[in-house]
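Visitor: This one is start.cif, mmCIF, C-alpha atoms.
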data_entry
loop_
_atom_site.label_atom_id
_atom_site.label_comp_id
_atom_site.auth_asym_id
_atom_site.auth_seq_id
_atom_site.Cartn_x
_atom_site.Cartn_y
_atom_site.Cartn_z
CA MET A 1 114.51 98.78 65.84
CA ALA A 2 110.88 98.09 64.86
CA LEU A 3 108.89 95.71 67.02
CA SER A 4 107.45 92.61 65.42
CA ALA A 5 103.78 91.71 65.56
CA THR A 6 104.59 88.96 68.07
CA ASP A 7 106.32 91.40 70.39
CA LEU A 8 103.37 93.80 70.16
CA LYS A 9 100.95 90.99 70.99
CA ARG A 10 103.05 89.96 73.99
CA GLY A 11 103.24 93.54 75.19
CA GLY A 12 99.48 93.94 74.83
CA ALA A 13 98.87 90.70 76.73
CA ALA A 14 101.21 91.80 79.53
CA SER A 15 99.44 95.16 79.77
CA ALA A 16 96.07 93.44 79.90
CA LEU A 17 97.25 91.22 82.74
CA LEU A 18 98.62 94.19 84.68
CA LEU A 19 95.51 96.33 84.20
CA PRO A 20 93.33 94.72 86.95
CA ALA A 21 96.10 94.99 89.55
CA THR A 22 96.81 98.58 88.50
CA LEU A 23 93.15 99.54 88.79
CA LEU A 24 92.94 97.84 92.19
CA VAL A 25 95.93 99.84 93.48
CA VAL A 26 94.49 103.10 92.13
CA VAL A 27 91.05 102.46 93.63
CA ALA A 28 92.19 101.01 96.97
CA LEU A 29 95.29 103.12 97.64
CA VAL A 30 95.85 106.14 95.43
CA ALA A 31 92.28 107.49 95.44
CA PRO A 32 91.91 107.39 99.28
CA MET A 33 95.33 109.02 99.69
CA LEU A 34 94.41 111.83 97.31
CA THR A 35 91.16 112.31 99.22
CA LEU A 36 93.07 112.42 102.50
CA LEU A 37 95.50 114.92 101.00
CA ARG A 38 92.61 117.19 100.04
CA TYR A 39 91.18 116.88 103.56
CA SER A 40 94.50 118.03 105.03
CA PHE A 41 93.98 121.46 103.42
CA ASN A 42 90.45 121.85 104.82
CA ALA A 43 89.60 123.60 108.08
CA TYR A 44 88.22 121.99 111.23
CA ASP A 45 84.82 123.16 112.41
CA PRO A 46 83.50 122.04 115.85
CA ILE A 47 79.95 121.92 114.50
CA MET A 48 80.35 120.84 110.87
CA LEU A 49 83.59 118.92 111.68
CA MET A 50 85.16 119.93 108.36
CA ARG A 51 84.82 123.03 106.24
CA GLU A 52 85.82 123.02 102.58
CA THR A 53 88.62 125.52 101.97
CA PHE A 54 92.31 125.58 101.13
CA THR A 55 94.54 126.42 104.08
CA LEU A 56 97.95 125.45 105.43
CA GLU A 57 96.94 125.98 109.06
CA ASN A 58 96.96 122.23 109.82
CA TYR A 59 100.58 121.89 108.74
CA ALA A 60 101.47 125.18 110.46
CA ARG A 61 99.94 123.88 113.69
CA PHE A 62 102.14 120.78 113.60
CA PHE A 63 105.33 122.82 113.21
CA ALA A 64 104.23 125.45 115.74
CA GLU A 65 103.25 123.20 118.66
CA PRO A 66 106.17 121.72 120.69
CA TYR A 67 104.00 118.72 121.62
CA TYR A 68 104.07 117.42 118.05
CA HIS A 69 107.82 118.06 117.80
CA GLU A 70 108.21 115.62 120.69
CA VAL A 71 105.81 113.20 119.03
CA ILE A 72 107.77 113.01 115.77
CA LEU A 73 111.13 112.81 117.58
CA THR A 74 109.87 109.97 119.77
CA THR A 75 108.55 108.17 116.69
CA LEU A 76 111.91 108.48 114.94
CA ALA A 77 113.81 107.36 118.06
CA VAL A 78 111.65 104.26 118.52
CA ALA A 79 111.80 103.40 114.80
CA PHE A 80 115.59 103.74 114.60
CA GLY A 81 116.09 101.90 117.90
CA ALA A 82 113.89 98.97 116.91
CA SER A 83 115.34 98.84 113.37
CA PHE A 84 118.97 98.83 114.51
CA GLY A 85 118.11 96.30 117.22
CA ALA A 86 116.45 94.02 114.64
CA LEU A 87 119.51 94.33 112.39
CA LEU A 88 122.04 93.55 115.15
CA LEU A 89 120.05 90.63 116.56
CA GLY A 90 118.69 89.34 113.27
CA PHE A 91 121.92 89.28 111.25
CA PRO A 92 123.61 86.42 113.19
CA LEU A 93 120.39 84.41 113.18
CA ALA A 94 119.89 84.98 109.45
CA TYR A 95 123.51 83.97 108.78
CA PHE A 96 123.05 80.78 110.79
CA LEU A 97 119.81 79.88 108.97
CA ALA A 98 121.36 80.59 105.58
CA ARG A 99 124.51 78.55 106.20
CA THR A 100 123.20 75.65 108.28
CA LYS A 101 123.03 72.21 106.69
CA SER A 102 120.79 70.82 109.42
CA ARG A 103 117.83 68.72 108.37
CA TYR A 104 115.79 70.81 110.82
CA LYS A 105 116.38 74.01 108.85
CA SER A 106 112.75 74.19 107.70
CA LEU A 107 111.59 73.83 111.30
CA LEU A 108 113.93 76.62 112.38
CA VAL A 109 112.52 78.90 109.68
CA VAL A 110 108.99 78.08 110.85
CA LEU A 111 109.98 79.02 114.40
CA VAL A 112 111.25 82.37 113.13
CA VAL A 113 108.01 83.00 111.25
CA PHE A 114 105.76 81.69 114.04
CA PRO A 115 105.52 85.05 115.93
CA LEU A 116 103.84 86.51 112.84
CA LEU A 117 100.93 84.14 113.43
CA VAL A 118 100.25 85.77 116.80
CA GLY A 119 98.31 89.02 116.85
CA ASN A 120 99.97 92.20 118.09
CA VAL A 121 97.48 92.51 120.95
CA VAL A 122 98.20 88.99 122.20
CA ARG A 123 101.93 89.57 121.84
CA ALA A 124 101.69 92.86 123.76
CA ALA A 125 99.74 91.08 126.51
CA GLY A 126 102.67 88.69 126.87
CA TRP A 127 105.11 91.59 127.29
CA ILE A 128 102.81 93.16 129.88
CA ALA A 129 102.83 89.87 131.82
CA LEU A 130 106.62 89.90 131.64
CA PHE A 131 107.41 93.59 132.26
CA GLY A 132 104.57 94.61 134.61
CA SER A 133 105.24 95.69 138.19
CA GLN A 134 103.89 92.30 139.28
CA GLY A 135 105.18 90.58 136.15
CA ILE A 136 107.43 87.57 135.84
CA LEU A 137 110.66 89.59 135.55
CA ASN A 138 110.10 91.81 138.57
CA VAL A 139 108.78 88.99 140.75
CA THR A 140 111.80 86.82 139.88
CA LEU A 141 114.32 89.60 140.56
CA ILE A 142 112.68 90.44 143.90
CA LYS A 143 112.65 86.80 145.02
CA LEU A 144 116.33 86.49 144.08
CA GLY A 145 117.06 89.55 146.18
CA LEU A 146 118.53 91.49 143.26
CA ILE A 147 116.08 94.39 143.61
CA GLU A 148 113.92 95.69 146.45
CA SER A 149 111.15 97.33 144.47
CA PRO A 150 109.74 96.59 141.00
CA LEU A 151 111.54 98.07 138.02
CA GLU A 152 109.60 100.62 135.98
CA ILE A 153 109.70 98.95 132.58
CA MET A 154 106.13 99.21 131.35
CA TYR A 155 105.02 102.46 129.73
CA THR A 156 108.57 103.47 128.89
CA ASP A 157 110.50 103.89 125.65
CA TRP A 158 112.32 100.63 126.33
CA ALA A 159 109.08 98.66 126.59
CA VAL A 160 107.86 100.10 123.28
CA ILE A 161 111.18 99.46 121.50
CA ILE A 162 111.42 95.87 122.76
CA GLY A 163 107.79 95.15 121.89
CA THR A 164 108.14 96.68 118.43
CA LEU A 165 111.40 94.80 117.91
CA SER A 166 109.67 91.50 118.59
CA VAL A 167 107.08 92.32 115.93
CA VAL A 168 109.49 93.24 113.14
CA MET A 169 112.33 90.79 113.85
CA PRO A 170 111.00 87.97 111.59
CA PHE A 171 110.85 90.33 108.61
CA MET A 172 114.49 91.30 109.09
CA VAL A 173 115.67 87.71 109.51
CA LEU A 174 113.83 86.49 106.41
CA SER A 175 115.07 89.42 104.31
CA LEU A 176 118.69 88.84 105.29
CA GLN A 177 118.51 85.05 105.02
CA SER A 178 117.40 85.15 101.39
CA VAL A 179 120.28 87.48 100.49
CA ILE A 180 122.95 85.54 102.40
CA GLU A 181 121.87 82.25 100.78
CA ASN A 182 122.67 83.74 97.35
CA VAL A 183 126.17 84.90 98.30
CA ASP A 184 129.03 83.17 96.51
CA PHE A 185 131.19 82.22 99.51
CA SER A 186 134.02 81.11 97.23
CA VAL A 187 134.85 84.82 96.94
CA VAL A 188 135.15 85.07 100.71
CA ASP A 189 137.30 81.93 100.78
CA ALA A 190 139.53 83.42 98.09
CA ALA A 191 140.05 86.53 100.22
CA LEU A 192 141.05 84.35 103.18
CA ASN A 193 143.46 82.36 101.01
CA LEU A 194 145.06 85.60 99.83
CA GLY A 195 145.92 86.57 103.40
CA ALA A 196 142.93 88.57 104.56
CA SER A 197 141.85 88.13 108.15
CA ARG A 198 138.33 86.95 108.90
CA PHE A 199 137.34 90.46 109.91
CA GLN A 200 138.79 91.92 106.70
CA ALA A 201 137.04 89.28 104.59
CA PHE A 202 133.79 90.06 106.37
CA ARG A 203 134.09 93.84 106.09
CA LEU A 204 135.61 94.14 102.62
CA VAL A 205 134.09 91.16 100.79
CA PHE A 206 131.07 89.64 102.52
CA LEU A 207 129.42 92.81 103.85
CA PRO A 208 129.34 94.63 100.47
CA LEU A 209 127.74 91.53 98.91
CA VAL A 210 124.89 91.47 101.42
CA MET A 211 124.53 95.23 101.85
CA PRO A 212 121.66 95.54 99.32
CA GLY A 213 119.69 93.07 101.43
CA VAL A 214 120.66 94.85 104.65
CA THR A 215 119.52 98.16 103.20
CA ALA A 216 116.23 96.74 101.92
CA GLY A 217 115.55 94.92 105.20
CA PHE A 218 116.34 98.00 107.28
CA ALA A 219 114.09 100.17 105.09
CA LEU A 220 111.20 97.71 105.43
CA ILE A 221 111.57 97.45 109.20
CA PHE A 222 111.93 101.21 109.63
CA ILE A 223 108.72 101.86 107.69
CA LEU A 224 106.83 99.31 109.79
CA CYS A 225 108.17 100.84 113.02
CA MET A 226 107.32 104.40 111.99
CA ASN A 227 103.70 103.39 111.42
CA ALA A 228 103.30 101.13 114.47
CA TYR A 229 100.12 101.71 116.45
CA ALA A 230 99.00 98.75 118.59
CA THR A 231 102.33 98.02 120.28
CA PRO A 232 103.13 101.65 121.28
CA TYR A 233 99.57 102.13 122.50
CA LEU A 234 99.53 98.96 124.62
CA LEU A 235 103.10 99.01 125.96
CA GLY A 236 103.56 102.78 126.12
CA GLY A 237 100.09 103.63 127.38
CA PRO A 238 97.31 105.75 125.83
CA GLY A 239 99.35 108.92 126.30
CA TYR A 240 102.52 107.63 124.65
CA LYS A 241 103.74 110.14 122.09
CA MET A 242 104.01 108.52 118.66
CA MET A 243 102.59 109.63 115.34
CA ALA A 244 100.24 106.72 114.60
CA PRO A 245 98.35 106.96 117.95
CA ALA A 246 98.34 110.77 117.65
CA LEU A 247 96.73 110.83 114.20
CA TYR A 248 94.30 108.06 115.22
CA GLU A 249 93.20 110.21 118.14
CA GLN A 250 92.66 113.23 115.89
CA ILE A 251 90.57 111.29 113.36
CA SER A 252 88.66 108.76 115.48
CA VAL A 253 88.35 110.48 118.87
CA ILE A 254 88.36 114.23 118.20
CA SER A 255 87.00 113.84 114.63
CA ASN A 256 89.43 116.48 113.41
CA TRP A 257 89.90 114.97 109.96
CA PRO A 258 91.82 117.90 108.46
CA PHE A 259 94.54 117.90 111.14
CA GLY A 260 94.60 114.09 111.30
CA SER A 261 95.06 113.97 107.53
CA ALA A 262 97.93 116.46 107.79
CA LEU A 263 99.56 114.30 110.47
CA ALA A 264 99.22 111.27 108.19
CA PHE A 265 101.02 112.99 105.33
CA ILE A 266 103.70 114.42 107.61
CA LEU A 267 104.30 110.91 108.94
CA MET A 268 104.50 109.53 105.41
CA ALA A 269 106.86 112.28 104.24
CA THR A 270 109.10 111.87 107.31
CA THR A 271 109.23 108.10 106.83
CA VAL A 272 110.18 108.38 103.16
CA LEU A 273 112.78 111.10 103.79
CA ALA A 274 114.42 109.27 106.71
CA THR A 275 114.47 106.02 104.74
CA LEU A 276 116.14 107.70 101.76
CA VAL A 277 118.75 109.38 103.99
CA VAL A 278 119.65 106.16 105.81
CA THR A 279 119.79 104.22 102.55
CA ARG A 280 122.10 106.78 100.97
CA VAL A 281 124.36 106.90 104.04
CA VAL A 282 124.63 103.11 104.23
CA ARG A 283 125.36 102.77 100.51
CA GLY A 284 127.91 105.56 100.68
CA LYS A 285 129.82 103.83 103.46
CA THR A 286 130.01 100.55 101.56
CA VAL A 287 131.20 101.96 98.23
#
Please render this file's structure as structure tokens.
Guide:
Amino acid sequence: MALSATDLKRGGAASALLLPATLLVVVALVAPMLTLLRYSFNAYDPIMLMRETFTLENYARFFAEPYYHEVILTTLAVAFGASFGALLLGFPLAYFLARTKSRYKSLLVVLVVFPLLVGNVVRAAGWIALFGSQGILNVTLIKLGLIESPLEIMYTDWAVIIGTLSVVMPFMVLSLQSVIENVDFSVVDAALNLGASRFQAFRLVFLPLVMPGVTAGFALIFILCMNAYATPYLLGGPGYKMMAPALYEQISVISNWPFGSALAFILMATTVLATLVVTRVVRGKTV
């Protein structure tokens, strides 16, 4: 079917409106990524810092050194742990916010969003004050006689997961709330009236309706966790093994741009691949 002159004018106007944003994305995102990709195939030189060539030695080094195997596995473990934790803790809260008729609903939403107004460094300082050997938690437990010596919480995987979880939780809650608010609960009521138990109505009717939002929320949180830097560095310590601190060290401290660039693209590829796998598994289980 031929397009009318009006349709062509509308299409041209839409393209013109999209052009500035497209150019901004290309200049600010695509071009630096392509430059970084080219750097990842260069060679590191202690004197010149980077030598123009085309080599796979940076990627080969990552797969050959056991240290970086541990780094990527730790990154995946923290990301999955924080993402699943955000989903389990955020789902009931999102359901409550979506279904409540309270006049204080807007205030409750603001309280959920409020942690986003606090910087990651300040937030991490609060966890240090709570989890430190002389922190509030250990001092309280010792005074109550529940423990004799301080618990080793800081600079552990648990400290990093809990700290990261506190950062990403609002994103999960807001993602799920918007989806749950658009659910037609008359369908769930119909399932209950037809003899389904509450668990069956939840699993067979309600959960498939909100699963697109769950999948999208989990993917968003997982990507944020995979690329976390400040929280792992502050709560796990400078030597904590995660990809973002590792590539930052290579680029900013050692000035090994080729290997740091390779780490960046390995992190990006791992994040995308893991996200696609989890999304496919979750969708497959709900079909």
Visitor: Rank A:Leu49, A:Asn42, A:Pro92, A:Leu108 by their smallest atom-to-atom distance to Ser252 in chain A, using only C-alpha atoms, and report the top residue only.
Guide: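 The closest residue to Ser252 in chain A is A:Leu49.
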Visitor: Between A:Ser106, A:Thr231, A:Gln200, A:Ser175, which residue has the minimum interatomic distance to Trp158 in chain A, considering only C-alpha atoms?
Guide: A:Thr231
Visitor: What separation in Å, quoted to one decimal, exists between CA of Asp45 in chain A and CA of Pro66 in chain A?
Guide: 22.9 Å
Visitor: How many Å separate CA of Ser255 in chain A from CA of Leu37 in chain A?
Guide: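 Answer for the CA of Ser255 in chain A to CA of Leu37 in chain A separation: 16.1 Å.
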Visitor: Name the residues that the PyMOL selection byres ((chain A and resi 208-212) around 12) pulls out of this structure, and write them as a PDB file with C-alpha atoms, in the frame of the given file.
Guide:
ATOM      1  CA  LEU A  87     119.510  94.330 112.390  1.00  0.00           C
ATOM      2  CA  PHE A  91     121.920  89.280 111.250  1.00  0.00           C
ATOM      3  CA  ALA A  94     119.890  84.980 109.450  1.00  0.00           C
ATOM      4  CA  TYR A  95     123.510  83.970 108.780  1.00  0.00           C
ATOM      5  CA  SER A 175     115.070  89.420 104.310  1.00  0.00           C
ATOM      6  CA  LEU A 176     118.690  88.840 105.290  1.00  0.00           C
ATOM      7  CA  GLN A 177     118.510  85.050 105.020  1.00  0.00           C
ATOM      8  CA  SER A 178     117.400  85.150 101.390  1.00  0.00           C
ATOM      9  CA  VAL A 179     120.280  87.480 100.490  1.00  0.00           C
ATOM     10  CA  ILE A 180     122.950  85.540 102.400  1.00  0.00           C
ATOM     11  CA  GLU A 181     121.870  82.250 100.780  1.00  0.00           C
ATOM     12  CA  ASN A 182     122.670  83.740  97.350  1.00  0.00           C
ATOM     13  CA  VAL A 183     126.170  84.900  98.300  1.00  0.00           C
ATOM     14  CA  ASP A 184     129.030  83.170  96.510  1.00  0.00           C
ATOM     15  CA  PHE A 185     131.190  82.220  99.510  1.00  0.00           C
ATOM     16  CA  VAL A 187     134.850  84.820  96.940  1.00  0.00           C
ATOM     17  CA  VAL A 188     135.150  85.070 100.710  1.00  0.00           C
ATOM     18  CA  GLN A 200     138.790  91.920 106.700  1.00  0.00           C
ATOM     19  CA  ALA A 201     137.040  89.280 104.590  1.00  0.00           C
ATOM     20  CA  PHE A 202     133.790  90.060 106.370  1.00  0.00           C
ATOM     21  CA  ARG A 203     134.090  93.840 106.090  1.00  0.00           C
ATOM     22  CA  LEU A 204     135.610  94.140 102.620  1.00  0.00           C
ATOM     23  CA  VAL A 205     134.090  91.160 100.790  1.00  0.00           C
ATOM     24  CA  PHE A 206     131.070  89.640 102.520  1.00  0.00           C
ATOM     25  CA  LEU A 207     129.420  92.810 103.850  1.00  0.00           C
ATOM     26  CA  GLY A 213     119.690  93.070 101.430  1.00  0.00           C
ATOM     27  CA  VAL A 214     120.660  94.850 104.650  1.00  0.00           C
ATOM     28  CA  THR A 215     119.520  98.160 103.200  1.00  0.00           C
ATOM     29  CA  ALA A 216     116.230  96.740 101.920  1.00  0.00           C
ATOM     30  CA  GLY A 217     115.550  94.920 105.200  1.00  0.00           C
ATOM     31  CA  PHE A 218     116.340  98.000 107.280  1.00  0.00           C
ATOM     32  CA  ALA A 219     114.090 100.170 105.090  1.00  0.00           C
ATOM     33  CA  THR A 279     119.790 104.220 102.550  1.00  0.00           C
ATOM     34  CA  ARG A 280     122.100 106.780 100.970  1.00  0.00           C
ATOM     35  CA  VAL A 281     124.360 106.900 104.040  1.00  0.00           C
ATOM     36  CA  VAL A 282     124.630 103.110 104.230  1.00  0.00           C
ATOM     37  CA  ARG A 283     125.360 102.770 100.510  1.00  0.00           C
ATOM     38  CA  GLY A 284     127.910 105.560 100.680  1.00  0.00           C
ATOM     39  CA  LYS A 285     129.820 103.830 103.460  1.00  0.00           C
ATOM     40  CA  THR A 286     130.010 100.550 101.560  1.00  0.00           C
ATOM     41  CA  VAL A 287     131.200 101.960  98.230  1.00  0.00           C
TER      42      VAL A 287
END
Visitor: Near Leu36 in chain A, within 8 Å and counting only C-alpha atoms, which residues show up once chain neighbours fewer than 4 positions away are dropped, as a list of chain:residue names?
Guide: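 Listing them by chain and then by number gives A:Pro32, A:Ser40, A:Ser261.
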Visitor: Since the input is missing atoms for range 24-60 of chain A, could you rebuild it with N, CA and C atoms and give the result as a PDB file, keeping the file's coordinate frame?
Guide:
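Wrote it out as selection-v3.pdb, contents follow:
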ATOM      1  N   LEU A  24      93.170  98.131  90.775  1.00  0.00           N
ATOM      2  CA  LEU A  24      92.940  97.840  92.190  1.00  0.00           C
ATOM      3  C   LEU A  24      93.783  98.754  93.074  1.00  0.00           C
ATOM      4  N   VAL A  25      95.060  98.952  92.702  1.00  0.00           N
ATOM      5  CA  VAL A  25      95.930  99.840  93.480  1.00  0.00           C
ATOM      6  C   VAL A  25      95.415 101.272  93.443  1.00  0.00           C
ATOM      7  N   VAL A  26      94.991 101.717  92.261  1.00  0.00           N
ATOM      8  CA  VAL A  26      94.490 103.100  92.130  1.00  0.00           C
ATOM      9  C   VAL A  26      93.246 103.301  92.981  1.00  0.00           C
ATOM     10  N   VAL A  27      92.316 102.327  92.903  1.00  0.00           N
ATOM     11  CA  VAL A  27      91.050 102.460  93.630  1.00  0.00           C
ATOM     12  C   VAL A  27      91.253 102.315  95.134  1.00  0.00           C
ATOM     13  N   ALA A  28      92.066 101.331  95.549  1.00  0.00           N
ATOM     14  CA  ALA A  28      92.190 101.010  96.970  1.00  0.00           C
ATOM     15  C   ALA A  28      93.249 101.825  97.693  1.00  0.00           C
ATOM     16  N   LEU A  29      94.190 102.424  96.972  1.00  0.00           N
ATOM     17  CA  LEU A  29      95.290 103.120  97.640  1.00  0.00           C
ATOM     18  C   LEU A  29      95.428 104.569  97.200  1.00  0.00           C
ATOM     19  N   VAL A  30      95.573 104.785  95.912  1.00  0.00           N
ATOM     20  CA  VAL A  30      95.850 106.140  95.430  1.00  0.00           C
ATOM     21  C   VAL A  30      94.670 107.068  95.654  1.00  0.00           C
ATOM     22  N   ALA A  31      93.467 106.624  95.291  1.00  0.00           N
ATOM     23  CA  ALA A  31      92.280 107.490  95.440  1.00  0.00           C
ATOM     24  C   ALA A  31      92.035 107.899  96.892  1.00  0.00           C
ATOM     25  N   PRO A  32      92.074 106.961  97.883  1.00  0.00           N
ATOM     26  CA  PRO A  32      91.910 107.390  99.280  1.00  0.00           C
ATOM     27  C   PRO A  32      93.013 108.339  99.750  1.00  0.00           C
ATOM     28  N   MET A  33      94.245 108.129  99.283  1.00  0.00           N
ATOM     29  CA  MET A  33      95.330 109.020  99.690  1.00  0.00           C
ATOM     30  C   MET A  33      95.135 110.422  99.127  1.00  0.00           C
ATOM     31  N   LEU A  34      94.670 110.514  97.890  1.00  0.00           N
ATOM     32  CA  LEU A  34      94.410 111.830  97.310  1.00  0.00           C
ATOM     33  C   LEU A  34      93.265 112.523  98.049  1.00  0.00           C
ATOM     34  N   THR A  35      92.261 111.751  98.438  1.00  0.00           N
ATOM     35  CA  THR A  35      91.160 112.310  99.220  1.00  0.00           C
ATOM     36  C   THR A  35      91.655 112.819 100.575  1.00  0.00           C
ATOM     37  N   LEU A  36      92.503 112.021 101.213  1.00  0.00           N
ATOM     38  CA  LEU A  36      93.070 112.420 102.500  1.00  0.00           C
ATOM     39  C   LEU A  36      93.944 113.663 102.353  1.00  0.00           C
ATOM     40  N   LEU A  37      94.678 113.737 101.254  1.00  0.00           N
ATOM     41  CA  LEU A  37      95.500 114.920 101.000  1.00  0.00           C
ATOM     42  C   LEU A  37      94.622 116.165 100.872  1.00  0.00           C
ATOM     43  N   ARG A  38      93.517 116.033 100.168  1.00  0.00           N
ATOM     44  CA  ARG A  38      92.610 117.190 100.040  1.00  0.00           C
ATOM     45  C   ARG A  38      92.038 117.579 101.399  1.00  0.00           C
ATOM     46  N   TYR A  39      91.706 116.591 102.230  1.00  0.00           N
ATOM     47  CA  TYR A  39      91.180 116.880 103.560  1.00  0.00           C
ATOM     48  C   TYR A  39      92.189 117.667 104.405  1.00  0.00           C
ATOM     49  N   SER A  40      93.478 117.384 104.193  1.00  0.00           N
ATOM     50  CA  SER A  40      94.500 118.030 105.030  1.00  0.00           C
ATOM     51  C   SER A  40      94.567 119.539 104.807  1.00  0.00           C
ATOM     52  N   PHE A  41      93.991 120.021 103.698  1.00  0.00           N
ATOM     53  CA  PHE A  41      93.980 121.460 103.420  1.00  0.00           C
ATOM     54  C   PHE A  41      92.635 122.095 103.785  1.00  0.00           C
ATOM     55  N   ASN A  42      91.712 121.308 104.347  1.00  0.00           N
ATOM     56  CA  ASN A  42      90.450 121.850 104.820  1.00  0.00           C
ATOM     57  C   ASN A  42      90.609 122.392 106.235  1.00  0.00           C
ATOM     58  N   ALA A  43      89.570 123.038 106.728  1.00  0.00           N
ATOM     59  CA  ALA A  43      89.600 123.600 108.080  1.00  0.00           C
ATOM     60  C   ALA A  43      88.659 122.818 108.983  1.00  0.00           C
ATOM     61  N   TYR A  44      89.042 122.693 110.250  1.00  0.00           N
ATOM     62  CA  TYR A  44      88.220 121.990 111.230  1.00  0.00           C
ATOM     63  C   TYR A  44      87.146 122.921 111.776  1.00  0.00           C
ATOM     64  N   ASP A  45      85.933 122.397 111.866  1.00  0.00           N
ATOM     65  CA  ASP A  45      84.820 123.160 112.410  1.00  0.00           C
ATOM     66  C   ASP A  45      84.165 122.329 113.505  1.00  0.00           C
ATOM     67  N   PRO A  46      84.067 122.838 114.749  1.00  0.00           N
ATOM     68  CA  PRO A  46      83.500 122.040 115.850  1.00  0.00           C
ATOM     69  C   PRO A  46      82.083 121.558 115.584  1.00  0.00           C
ATOM     70  N   ILE A  47      81.342 122.291 114.763  1.00  0.00           N
ATOM     71  CA  ILE A  47      79.950 121.920 114.500  1.00  0.00           C
ATOM     72  C   ILE A  47      79.847 121.068 113.241  1.00  0.00           C
ATOM     73  N   MET A  48      80.412 121.555 112.143  1.00  0.00           N
ATOM     74  CA  MET A  48      80.350 120.840 110.870  1.00  0.00           C
ATOM     75  C   MET A  48      81.456 119.805 110.722  1.00  0.00           C
ATOM     76  N   LEU A  49      82.429 119.811 111.651  1.00  0.00           N
ATOM     77  CA  LEU A  49      83.590 118.920 111.680  1.00  0.00           C
ATOM     78  C   LEU A  49      84.630 119.277 110.618  1.00  0.00           C
ATOM     79  N   MET A  50      84.195 119.578 109.408  1.00  0.00           N
ATOM     80  CA  MET A  50      85.160 119.930 108.360  1.00  0.00           C
ATOM     81  C   MET A  50      84.525 120.933 107.412  1.00  0.00           C
ATOM     82  N   ARG A  51      85.286 121.984 107.133  1.00  0.00           N
ATOM     83  CA  ARG A  51      84.820 123.030 106.240  1.00  0.00           C
ATOM     84  C   ARG A  51      85.710 123.080 105.015  1.00  0.00           C
ATOM     85  N   GLU A  52      85.069 123.007 103.841  1.00  0.00           N
ATOM     86  CA  GLU A  52      85.820 123.020 102.580  1.00  0.00           C
ATOM     87  C   GLU A  52      86.509 124.368 102.380  1.00  0.00           C
ATOM     88  N   THR A  53      87.822 124.327 102.231  1.00  0.00           N
ATOM     89  CA  THR A  53      88.620 125.520 101.970  1.00  0.00           C
ATOM     90  C   THR A  53      89.982 125.061 101.500  1.00  0.00           C
ATOM     91  N   PHE A  54      90.923 125.964 101.425  1.00  0.00           N
ATOM     92  CA  PHE A  54      92.310 125.580 101.130  1.00  0.00           C
ATOM     93  C   PHE A  54      93.212 126.396 102.050  1.00  0.00           C
ATOM     94  N   THR A  55      93.726 125.740 103.094  1.00  0.00           N
ATOM     95  CA  THR A  55      94.540 126.420 104.080  1.00  0.00           C
ATOM     96  C   THR A  55      95.696 125.530 104.500  1.00  0.00           C
ATOM     97  N   LEU A  56      96.773 126.174 104.932  1.00  0.00           N
ATOM     98  CA  LEU A  56      97.950 125.450 105.430  1.00  0.00           C
ATOM     99  C   LEU A  56      98.009 125.444 106.950  1.00  0.00           C
ATOM    100  N   GLU A  57      96.908 125.837 107.605  1.00  0.00           N
ATOM    101  CA  GLU A  57      96.940 125.980 109.060  1.00  0.00           C
ATOM    102  C   GLU A  57      97.170 124.648 109.774  1.00  0.00           C
ATOM    103  N   ASN A  58      96.741 123.534 109.181  1.00  0.00           N
ATOM    104  CA  ASN A  58      96.960 122.230 109.820  1.00  0.00           C
ATOM    105  C   ASN A  58      98.441 121.880 109.869  1.00  0.00           C
ATOM    106  N   TYR A  59      99.137 122.135 108.773  1.00  0.00           N
ATOM    107  CA  TYR A  59     100.580 121.890 108.740  1.00  0.00           C
ATOM    108  C   TYR A  59     101.310 122.910 109.618  1.00  0.00           C
ATOM    109  N   ALA A  60     100.852 124.150 109.621  1.00  0.00           N
ATOM    110  CA  ALA A  60     101.470 125.180 110.460  1.00  0.00           C
ATOM    111  C   ALA A  60     101.313 124.834 111.941  1.00  0.00           C
TER     112      ALA A  60
END
